[in-house]
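Structure data (TSV, C-alpha atoms) from coords_29.tsv:
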```
chain	number	residue	atom	x	y	z
U	1	MET	CA	20.96	45.80	12.39
U	2	ALA	CA	24.05	47.97	12.81
U	3	ILE	CA	24.73	51.58	11.85
U	4	THR	CA	28.20	53.10	12.04
U	5	THR	CA	29.04	56.76	11.40
U	6	VAL	CA	32.61	58.08	11.25
U	7	ALA	CA	33.80	61.68	10.84
U	8	SER	CA	37.44	62.71	10.36
U	9	VAL	CA	39.18	66.09	10.41
U	10	ASN	CA	42.82	66.70	9.48
U	11	ASP	CA	44.86	69.89	9.49
U	12	ASN	CA	48.42	70.29	8.16
U	13	HIS	CA	48.79	74.04	7.78
U	14	ILE	CA	51.98	73.96	9.85
U	15	ILE	CA	54.85	72.33	7.95
U	16	GLY	CA	55.88	69.06	9.56
U	17	PHE	CA	52.88	69.07	11.91
U	18	THR	CA	49.56	67.29	11.31
U	19	PHE	CA	46.56	67.17	13.63
U	20	GLY	CA	43.81	64.61	13.14
U	21	LEU	CA	40.52	63.98	14.93
U	22	ASN	CA	38.31	60.94	14.35
U	23	LEU	CA	34.80	60.71	15.75
U	24	GLY	CA	32.71	57.55	15.60
U	25	PHE	CA	29.25	56.39	16.62
U	26	THR	CA	27.89	52.84	16.32
U	27	TYR	CA	24.33	51.70	16.99
U	28	ASP	CA	23.68	47.95	17.02
U	29	LEU	CA	20.26	46.35	17.51
U	30	GLN	CA	20.18	42.56	17.99
U	31	MET	CA	17.21	40.26	18.39
U	32	TYR	CA	17.58	37.69	21.17
U	33	TYR	CA	14.76	36.68	23.51
U	34	SER	CA	14.48	40.44	23.99
U	35	LYS	CA	15.84	43.32	21.98
U	36	THR	CA	19.32	44.46	22.94
U	37	LYS	CA	20.83	47.76	21.89
U	38	THR	CA	24.52	48.58	21.90
U	39	THR	CA	25.93	52.06	21.33
U	40	LEU	CA	29.60	53.00	21.05
U	41	LYS	CA	30.92	56.57	21.03
U	42	THR	CA	34.56	57.06	20.00
U	43	VAL	CA	36.85	60.09	20.06
U	44	ASN	CA	40.39	59.71	18.71
U	45	PRO	CA	42.63	62.84	18.53
U	46	GLN	CA	46.11	62.39	17.05
U	47	VAL	CA	49.14	64.56	16.37
U	48	GLN	CA	51.88	63.70	13.87
U	49	LEU	CA	55.18	65.55	14.00
U	50	MET	CA	58.06	65.30	11.55
U	51	VAL	CA	60.98	65.82	13.90
U	52	ASN	CA	63.27	65.88	10.86
U	53	SER	CA	63.46	64.26	7.42
U	54	TRP	CA	64.11	60.80	8.87
U	55	ASP	CA	62.20	60.83	12.18
U	56	ARG	CA	58.39	60.84	12.56
U	57	LEU	CA	56.55	60.97	15.90
U	58	ILE	CA	52.85	60.23	16.48
U	59	VAL	CA	51.04	60.96	19.75
U	60	GLY	CA	47.37	60.23	20.26
U	61	GLY	CA	44.59	59.21	22.57
U	62	GLU	CA	41.30	57.37	22.38
U	63	PHE	CA	38.10	57.57	24.40
U	64	VAL	CA	35.41	54.92	23.91
U	65	GLU	CA	32.10	54.84	25.80
U	66	GLY	CA	29.82	51.84	25.33
U	67	HIS	CA	26.29	51.12	26.55
U	68	LEU	CA	24.35	47.86	26.43
U	69	VAL	CA	20.59	48.02	27.07
U	70	GLY	CA	18.08	45.17	27.18
U	71	MET	CA	20.27	42.21	28.08
U	72	LEU	CA	19.34	42.39	31.78
U	73	PRO	CA	15.98	43.78	32.98
U	74	ASN	CA	16.09	47.47	33.93
U	75	THR	CA	19.88	47.48	33.66
U	76	VAL	CA	22.23	49.54	31.51
U	77	ILE	CA	25.72	48.07	31.24
U	78	LYS	CA	28.35	50.77	30.70
U	79	ARG	CA	32.01	50.60	29.78
U	80	ILE	CA	34.53	53.41	29.35
U	81	GLN	CA	37.96	52.88	27.82
U	82	ARG	CA	40.68	55.53	27.87
U	83	SER	CA	43.89	55.05	25.90
U	84	LEU	CA	47.12	56.92	25.21
U	85	TYR	CA	49.70	55.92	22.61
U	86	VAL	CA	53.02	57.09	21.24
U	87	SER	CA	54.77	55.73	18.17
U	88	ASN	CA	58.00	56.64	16.44
U	89	GLU	CA	59.51	55.67	13.08
U	90	MET	CA	63.05	56.40	11.97
U	91	LEU	CA	64.12	55.87	8.35
U	92	PHE	CA	67.75	55.84	7.20
U	93	GLN	CA	68.72	55.63	3.50
U	94	SER	CA	71.82	55.71	1.36
U	95	GLU	CA	72.74	55.28	-2.32
U	96	ALA	CA	74.61	51.99	-1.73
U	97	ALA	CA	73.66	48.83	-3.63
U	98	THR	CA	73.43	46.83	-0.41
U	99	TRP	CA	72.20	47.61	3.09
U	100	ASP	CA	70.84	50.92	1.76
U	101	ARG	CA	67.62	51.27	3.78
U	102	LEU	CA	66.83	50.80	7.48
U	103	SER	CA	63.50	51.46	9.15
U	104	LEU	CA	63.12	51.31	12.94
U	105	TYR	CA	59.79	51.70	14.68
U	106	GLN	CA	58.61	51.52	18.23
U	107	SER	CA	55.33	52.23	19.95
U	108	ILE	CA	53.65	51.99	23.33
U	109	ARG	CA	49.98	52.09	24.24
U	110	TYR	CA	48.34	52.34	27.65
U	111	ASP	CA	44.69	51.35	28.15
U	112	VAL	CA	42.51	51.90	31.21
U	113	LEU	CA	39.00	50.47	31.45
U	114	SER	CA	36.16	51.24	33.85
U	115	GLU	CA	36.14	47.61	35.03
U	116	GLY	CA	39.44	48.32	36.77
U	117	GLU	CA	41.67	46.71	34.12
U	118	ASP	CA	44.70	48.41	32.59
U	119	ALA	CA	47.50	47.31	30.28
U	120	PHE	CA	50.77	48.48	28.67
U	121	SER	CA	51.25	47.30	25.08
U	122	PRO	CA	54.75	48.08	23.73
U	123	LYS	CA	56.02	47.07	20.28
U	124	ILE	CA	59.37	47.34	18.49
U	125	GLY	CA	60.43	46.36	15.00
U	126	LEU	CA	62.88	46.83	12.16
U	127	ASN	CA	62.95	46.48	8.39
U	128	VAL	CA	66.30	46.33	6.56
U	129	ARG	CA	66.78	46.28	2.78
U	130	VAL	CA	69.77	44.05	2.12
U	131	PHE	CA	69.87	44.21	-1.71
U	132	ARG	CA	68.46	47.20	-3.57
U	133	GLU	CA	68.21	45.44	-6.98
U	134	TRP	CA	66.04	42.60	-5.70
U	135	ASP	CA	64.34	44.73	-3.06
U	136	ALA	CA	65.34	41.97	-0.61
U	137	ARG	CA	64.44	42.82	2.98
U	138	PHE	CA	64.86	41.37	6.44
U	139	ARG	CA	62.25	42.27	9.05
U	140	ALA	CA	61.43	41.41	12.64
U	141	SER	CA	59.12	42.67	15.37
U	142	TYR	CA	58.09	41.95	18.93
U	143	GLY	CA	55.11	43.30	20.84
U	144	LYS	CA	52.48	42.80	23.51
U	145	ASN	CA	48.74	42.90	22.84
U	146	PHE	CA	45.69	43.36	25.03
U	147	ARG	CA	42.02	42.71	24.30
U	148	MET	CA	39.07	43.24	26.58
U	149	PRO	CA	36.08	40.91	26.03
U	150	THR	CA	33.30	42.62	24.09
U	151	PHE	CA	29.71	42.94	25.26
U	152	ASN	CA	28.81	39.96	23.07
U	153	ASP	CA	31.67	37.90	24.54
U	154	LEU	CA	30.33	38.60	28.02
U	155	TYR	CA	26.55	38.73	27.68
U	156	ASP	CA	25.49	36.90	24.51
U	157	SER	CA	22.36	34.86	25.33
U	158	TRP	CA	23.82	31.64	23.89
U	159	LEU	CA	27.59	31.83	24.20
U	160	GLY	CA	28.36	34.76	26.51
U	161	ASN	CA	30.42	34.30	29.67
U	162	PRO	CA	30.35	37.20	32.20
U	163	ALA	CA	33.41	35.70	33.97
U	164	LEU	CA	35.75	36.20	30.99
U	165	LYS	CA	39.09	37.86	31.75
U	166	PRO	CA	41.04	40.19	29.43
U	167	GLU	CA	43.21	38.50	26.81
U	168	HIS	CA	46.98	39.17	26.86
U	169	SER	CA	49.50	37.98	24.28
U	170	ASP	CA	53.17	38.28	23.30
U	171	CYS	CA	53.84	38.31	19.56
U	172	PHE	CA	57.12	37.78	17.72
U	173	ASP	CA	57.81	37.48	14.01
U	174	ILE	CA	60.87	37.37	11.78
U	175	GLY	CA	61.05	37.01	8.03
U	176	ILE	CA	62.48	37.88	4.64
U	177	GLU	CA	60.82	39.21	1.51
U	178	THR	CA	61.89	40.08	-2.00
U	179	ALA	CA	60.38	41.36	-5.23
U	180	PHE	CA	61.66	41.16	-8.78
U	181	ASP	CA	60.49	41.84	-12.36
U	182	ARG	CA	60.90	38.78	-14.54
U	183	SER	CA	57.99	38.37	-16.96
U	184	GLY	CA	55.86	40.30	-14.51
U	185	ARG	CA	56.09	41.45	-10.94
U	186	HIS	CA	56.82	38.62	-8.48
U	187	THR	CA	57.13	38.69	-4.70
U	188	LEU	CA	58.37	36.09	-2.26
U	189	GLN	CA	57.86	36.13	1.50
U	190	LEU	CA	59.01	33.76	4.21
U	191	THR	CA	57.91	34.48	7.78
U	192	TYR	CA	58.08	32.77	11.13
U	193	PHE	CA	55.80	34.01	13.87
U	194	ASN	CA	54.95	32.98	17.40
U	195	ILE	CA	51.99	34.14	19.51
U	196	ASP	CA	51.82	33.30	23.21
U	197	THR	CA	48.29	34.02	24.47
U	198	ARG	CA	47.03	34.02	28.03
U	199	SER	CA	43.30	33.88	28.91
U	200	ARG	CA	42.48	33.51	25.23
U	201	ILE	CA	38.92	34.47	24.25
U	202	LEU	CA	37.38	31.98	21.85
U	203	LEU	CA	34.04	32.27	20.12
U	204	MET	CA	32.44	28.85	19.84
U	205	ARG	CA	30.06	28.24	17.00
U	206	ILE	CA	27.36	25.59	17.09
U	207	THR	CA	26.04	24.34	13.79
U	208	PHE	CA	23.21	21.97	13.11
U	209	PRO	CA	23.14	19.61	10.12
U	210	LEU	CA	20.50	20.28	7.53
U	211	MET	CA	17.97	17.46	7.42
U	212	CYS	CA	16.17	16.78	4.19
U	213	ILE	CA	13.08	14.53	4.16
U	214	LYS	CA	11.61	13.28	0.91
U	215	LEU	CA	8.06	11.98	0.78
U	216	LYS	CA	6.97	9.89	-2.11
U	217	VAL	CA	3.29	9.20	-2.63
U	218	GLU	CA	2.17	6.57	-5.04
U	219	GLY	CA	-1.36	6.12	-6.17
```

Please, can you express the file's structure as structure tokens?
Amino acid sequence: MAITTVASVNDNHIIGFTFGLNLGFTYDLQMYYSKTKTTLKTVNPQVQLMVNSWDRLIVGGEFVEGHLVGMLPNTVIKRIQRSLYVSNEMLFQSEAATWDRLSLYQSIRYDVLSEGEDAFSPKIGLNVRVFREWDARFRASYGKNFRMPTFNDLYDSWLGNPALKPEHSDCFDIGIETAFDRSGRHTLQLTYFNIDTRSRILLMRITFPLMCIKLKVEG
């Protein structure tokens, strides 16, 4: 059984400036050999600033506090994650028939966890429209990702592993896409991507075949 509640507040009374605040609470009750309860409290403030007509800046933070009760006798497992992030998107446009639109974006996120782990996760990318008529675009991006093992990854009664390390990965993709109206709206995408993962966290699933026994009685 899981219950999740989310509340959001946004204010944009100041032109070009938007403030947002997201609050979340999750309660999860799972039945193993004993009952385990997980609670997550999340606070996510964020500010968006239109520097000018073609430049947007977003600055935010995130605070997550998690508790796991019941997995180990008389023990409450606690985790706190603090994060800061900054992202920026610049959009350039013209009235030309070719190379008329360029979008550049970049972001960086810093996470600190109570277990002593921390990570920088930068990302950069671009999206260029080569032909306006066909809406043909070229895009590419590169970034780093970080994932801490969840409570279930670490302490699940069947598949948990308390020795799991954080997962780190480098991601790169490049591709083209186009859209055109010929007897309907059609889109075409071609993408190459590569993900290099270190200390990858895998969830193994064990399934059992269903056995069916038929008993025939004659008399």

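Taking only C-alpha atoms into account, U:Val9 lies nearest to U:Val47 out of the set U:Phe131, U:Gln106, U:Leu29, U:Val47.
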
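Of the residues under consideration (U:Asp196, U:Asp11, U:Asp28, U:Asp118), U:Asp28 shows the shortest atom-to-atom contact distance to U:Asn152 when counting all atoms listed in the file.
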
When you look at U:Leu21 with a cut-off of 9 Å (counting only C-alpha atoms), what residues show up, excluding the ones that are within fewer than 5 positions of it in the same chain? I need them as a PyMOL selection string.
chain U and resi 7-10+43-47

With C-alpha atoms retained, could you export that selection as a compact mmCIF listing (two decimals), keeping the file's coordinate frame?
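Output below, filename selection33.txt:
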```txt
# COMPACT_ATOMS: atom_id res chain seq x y z
CA ALA U 7 33.80 61.68 10.84
CA SER U 8 37.44 62.71 10.36
CA VAL U 9 39.18 66.09 10.41
CA ASN U 10 42.82 66.70 9.48
CA VAL U 43 36.85 60.09 20.06
CA ASN U 44 40.39 59.71 18.71
CA PRO U 45 42.63 62.84 18.53
CA GLN U 46 46.11 62.39 17.05
CA VAL U 47 49.14 64.56 16.37
```

Report as a PyMOL selection string all protein, DNA and RNA residues lying within 12 Å of stretch 60-66 of chain U, evaluated on only C-alpha atoms, omitting residues in the same chain fewer than 4 positions from it.
chain U and resi 18-28+37-49+76-88+107-114+150-151

Per-residue nearest contacts stretch 96-141 of chain U to stretch 170-185 of chain U, cut-off 8 Å, using only C-alpha atoms, as JSON lines:
```
{"residue": "U:Trp134", "atom": "CA", "partner": "U:Phe180", "partner_atom": "CA", "distance": 5.5}
{"residue": "U:Asp135", "atom": "CA", "partner": "U:Thr178", "partner_atom": "CA", "distance": 5.4}
{"residue": "U:Ala136", "atom": "CA", "partner": "U:Thr178", "partner_atom": "CA", "distance": 4.2}
{"residue": "U:Arg137", "atom": "CA", "partner": "U:Glu177", "partner_atom": "CA", "distance": 5.3}
{"residue": "U:Phe138", "atom": "CA", "partner": "U:Ile176", "partner_atom": "CA", "distance": 4.6}
{"residue": "U:Arg139", "atom": "CA", "partner": "U:Gly175", "partner_atom": "CA", "distance": 5.5}
{"residue": "U:Ala140", "atom": "CA", "partner": "U:Ile174", "partner_atom": "CA", "distance": 4.2}
{"residue": "U:Ser141", "atom": "CA", "partner": "U:Asp173", "partner_atom": "CA", "distance": 5.5}
```

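Shortest atom-to-atom contact with U:Val130 among U:Asp55, U:Val6, U:Gln93, U:His186: U:Gln93, counting only C-alpha atoms.
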
Shortest interatomic distance to U:Lys123 - which of U:Ala163, U:Gly70, U:Phe146, U:Arg101, counting only C-alpha atoms:
U:Phe146

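Closest to U:Leu57 among U:Val69, U:Ser94, U:Gly16, U:Ser199 is U:Gly16, based on all atoms listed in the file.
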
Around (60.6, 56.1, 7.2) in the file's frame, which residues reach within 12 Å when counting all atoms listed in the file? Return as a ChimeraX atom specification?
/U:50-57,88-93,101-105,126-128

So how many Å separate atom CA of U:Pro149 and atom CA of U:Ala2, to one decimal?
19.2 Å

Option closest in space to U:Gly143, from U:Thr191, U:Thr75, U:Ser169, U:Thr5 [counting all atoms listed in the file]:
U:Ser169

Please write out, as AutoDock Vina command-line options, where the centre of an axis-aligned box around all listed atoms of stretch 64-81 of chain U lies and how long its edges are, in Å to one decimal, after adding 4 Å on each side.
```
--center_x 27.0 --center_y 48.6 --center_z 28.9 --size_x 30.0 --size_y 20.7 --size_z 18.0
```

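Atom CA of U:Ile201 is found 7.6 Å from atom CA of U:Leu164.
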
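Rounded to one decimal, atom CA of U:Glu95 and atom CA of U:Leu188 lie 24.0 Å from each other.
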
Filled-in N, CA and C atoms of stretch 57-84 of chain U, supplied as a PDB file, in the coordinates of the input:
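The result, stored in result_19.pdb:
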```
ATOM      1  N   LEU U  57      57.114  61.263  14.590  1.00  0.00           N
ATOM      2  CA  LEU U  57      56.550  60.970  15.900  1.00  0.00           C
ATOM      3  C   LEU U  57      55.033  61.142  15.855  1.00  0.00           C
ATOM      4  N   ILE U  58      54.314  60.177  16.419  1.00  0.00           N
ATOM      5  CA  ILE U  58      52.850  60.230  16.480  1.00  0.00           C
ATOM      6  C   ILE U  58      52.421  60.076  17.934  1.00  0.00           C
ATOM      7  N   VAL U  59      51.585  60.993  18.393  1.00  0.00           N
ATOM      8  CA  VAL U  59      51.040  60.960  19.750  1.00  0.00           C
ATOM      9  C   VAL U  59      49.523  61.063  19.645  1.00  0.00           C
ATOM     10  N   GLY U  60      48.825  60.199  20.358  1.00  0.00           N
ATOM     11  CA  GLY U  60      47.370  60.230  20.260  1.00  0.00           C
ATOM     12  C   GLY U  60      46.696  59.645  21.487  1.00  0.00           C
ATOM     13  N   GLY U  61      45.398  59.764  21.490  1.00  0.00           N
ATOM     14  CA  GLY U  61      44.590  59.210  22.570  1.00  0.00           C
ATOM     15  C   GLY U  61      43.273  58.692  22.017  1.00  0.00           C
ATOM     16  N   GLU U  62      42.588  57.915  22.812  1.00  0.00           N
ATOM     17  CA  GLU U  62      41.300  57.370  22.380  1.00  0.00           C
ATOM     18  C   GLU U  62      40.370  57.263  23.587  1.00  0.00           C
ATOM     19  N   PHE U  63      39.129  57.669  23.368  1.00  0.00           N
ATOM     20  CA  PHE U  63      38.100  57.570  24.400  1.00  0.00           C
ATOM     21  C   PHE U  63      36.913  56.837  23.788  1.00  0.00           C
ATOM     22  N   VAL U  64      36.525  55.721  24.412  1.00  0.00           N
ATOM     23  CA  VAL U  64      35.410  54.920  23.910  1.00  0.00           C
ATOM     24  C   VAL U  64      34.420  54.711  25.061  1.00  0.00           C
ATOM     25  N   GLU U  65      33.165  55.053  24.807  1.00  0.00           N
ATOM     26  CA  GLU U  65      32.100  54.840  25.800  1.00  0.00           C
ATOM     27  C   GLU U  65      31.045  53.927  25.181  1.00  0.00           C
ATOM     28  N   GLY U  66      30.789  52.803  25.831  1.00  0.00           N
ATOM     29  CA  GLY U  66      29.820  51.840  25.330  1.00  0.00           C
ATOM     30  C   GLY U  66      28.685  51.612  26.301  1.00  0.00           C
ATOM     31  N   HIS U  67      27.477  51.406  25.749  1.00  0.00           N
ATOM     32  CA  HIS U  67      26.290  51.120  26.550  1.00  0.00           C
ATOM     33  C   HIS U  67      25.576  49.905  25.973  1.00  0.00           C
ATOM     34  N   LEU U  68      25.147  49.025  26.823  1.00  0.00           N
ATOM     35  CA  LEU U  68      24.350  47.860  26.430  1.00  0.00           C
ATOM     36  C   LEU U  68      23.041  47.918  27.202  1.00  0.00           C
ATOM     37  N   VAL U  69      21.915  47.923  26.466  1.00  0.00           N
ATOM     38  CA  VAL U  69      20.590  48.020  27.070  1.00  0.00           C
ATOM     39  C   VAL U  69      19.737  46.849  26.606  1.00  0.00           C
ATOM     40  N   GLY U  70      19.034  46.209  27.542  1.00  0.00           N
ATOM     41  CA  GLY U  70      18.080  45.170  27.180  1.00  0.00           C
ATOM     42  C   GLY U  70      18.524  43.763  27.494  1.00  0.00           C
ATOM     43  N   MET U  71      19.805  43.558  27.784  1.00  0.00           N
ATOM     44  CA  MET U  71      20.270  42.210  28.080  1.00  0.00           C
ATOM     45  C   MET U  71      19.788  41.756  29.459  1.00  0.00           C
ATOM     46  N   LEU U  72      19.822  42.666  30.428  1.00  0.00           N
ATOM     47  CA  LEU U  72      19.340  42.390  31.780  1.00  0.00           C
ATOM     48  C   LEU U  72      18.206  43.363  32.086  1.00  0.00           C
ATOM     49  N   PRO U  73      17.137  42.916  32.719  1.00  0.00           N
ATOM     50  CA  PRO U  73      15.980  43.780  32.980  1.00  0.00           C
ATOM     51  C   PRO U  73      16.365  45.030  33.762  1.00  0.00           C
ATOM     52  N   ASN U  74      15.912  46.182  33.251  1.00  0.00           N
ATOM     53  CA  ASN U  74      16.090  47.470  33.930  1.00  0.00           C
ATOM     54  C   ASN U  74      17.552  47.775  34.262  1.00  0.00           C
ATOM     55  N   THR U  75      18.456  47.288  33.410  1.00  0.00           N
ATOM     56  CA  THR U  75      19.880  47.480  33.660  1.00  0.00           C
ATOM     57  C   THR U  75      20.571  48.019  32.408  1.00  0.00           C
ATOM     58  N   VAL U  76      21.393  49.022  32.589  1.00  0.00           N
ATOM     59  CA  VAL U  76      22.230  49.540  31.510  1.00  0.00           C
ATOM     60  C   VAL U  76      23.678  49.220  31.859  1.00  0.00           C
ATOM     61  N   ILE U  77      24.325  48.429  31.030  1.00  0.00           N
ATOM     62  CA  ILE U  77      25.720  48.070  31.240  1.00  0.00           C
ATOM     63  C   ILE U  77      26.591  49.103  30.522  1.00  0.00           C
ATOM     64  N   LYS U  78      27.541  49.688  31.239  1.00  0.00           N
ATOM     65  CA  LYS U  78      28.350  50.770  30.700  1.00  0.00           C
ATOM     66  C   LYS U  78      29.832  50.429  30.798  1.00  0.00           C
ATOM     67  N   ARG U  79      30.564  50.788  29.778  1.00  0.00           N
ATOM     68  CA  ARG U  79      32.010  50.600  29.780  1.00  0.00           C
ATOM     69  C   ARG U  79      32.673  51.846  29.202  1.00  0.00           C
ATOM     70  N   ILE U  80      33.735  52.287  29.847  1.00  0.00           N
ATOM     71  CA  ILE U  80      34.530  53.410  29.350  1.00  0.00           C
ATOM     72  C   ILE U  80      35.978  52.949  29.216  1.00  0.00           C
ATOM     73  N   GLN U  81      36.559  53.222  28.066  1.00  0.00           N
ATOM     74  CA  GLN U  81      37.960  52.880  27.820  1.00  0.00           C
ATOM     75  C   GLN U  81      38.719  54.152  27.450  1.00  0.00           C
ATOM     76  N   ARG U  82      39.812  54.389  28.153  1.00  0.00           N
ATOM     77  CA  ARG U  82      40.680  55.530  27.870  1.00  0.00           C
ATOM     78  C   ARG U  82      42.053  55.002  27.473  1.00  0.00           C
ATOM     79  N   SER U  83      42.611  55.554  26.411  1.00  0.00           N
ATOM     80  CA  SER U  83      43.890  55.050  25.900  1.00  0.00           C
ATOM     81  C   SER U  83      44.793  56.211  25.502  1.00  0.00           C
ATOM     82  N   LEU U  84      46.087  56.020  25.692  1.00  0.00           N
ATOM     83  CA  LEU U  84      47.120  56.920  25.210  1.00  0.00           C
ATOM     84  C   LEU U  84      48.159  56.102  24.449  1.00  0.00           C
TER      85      LEU U  84
END
```
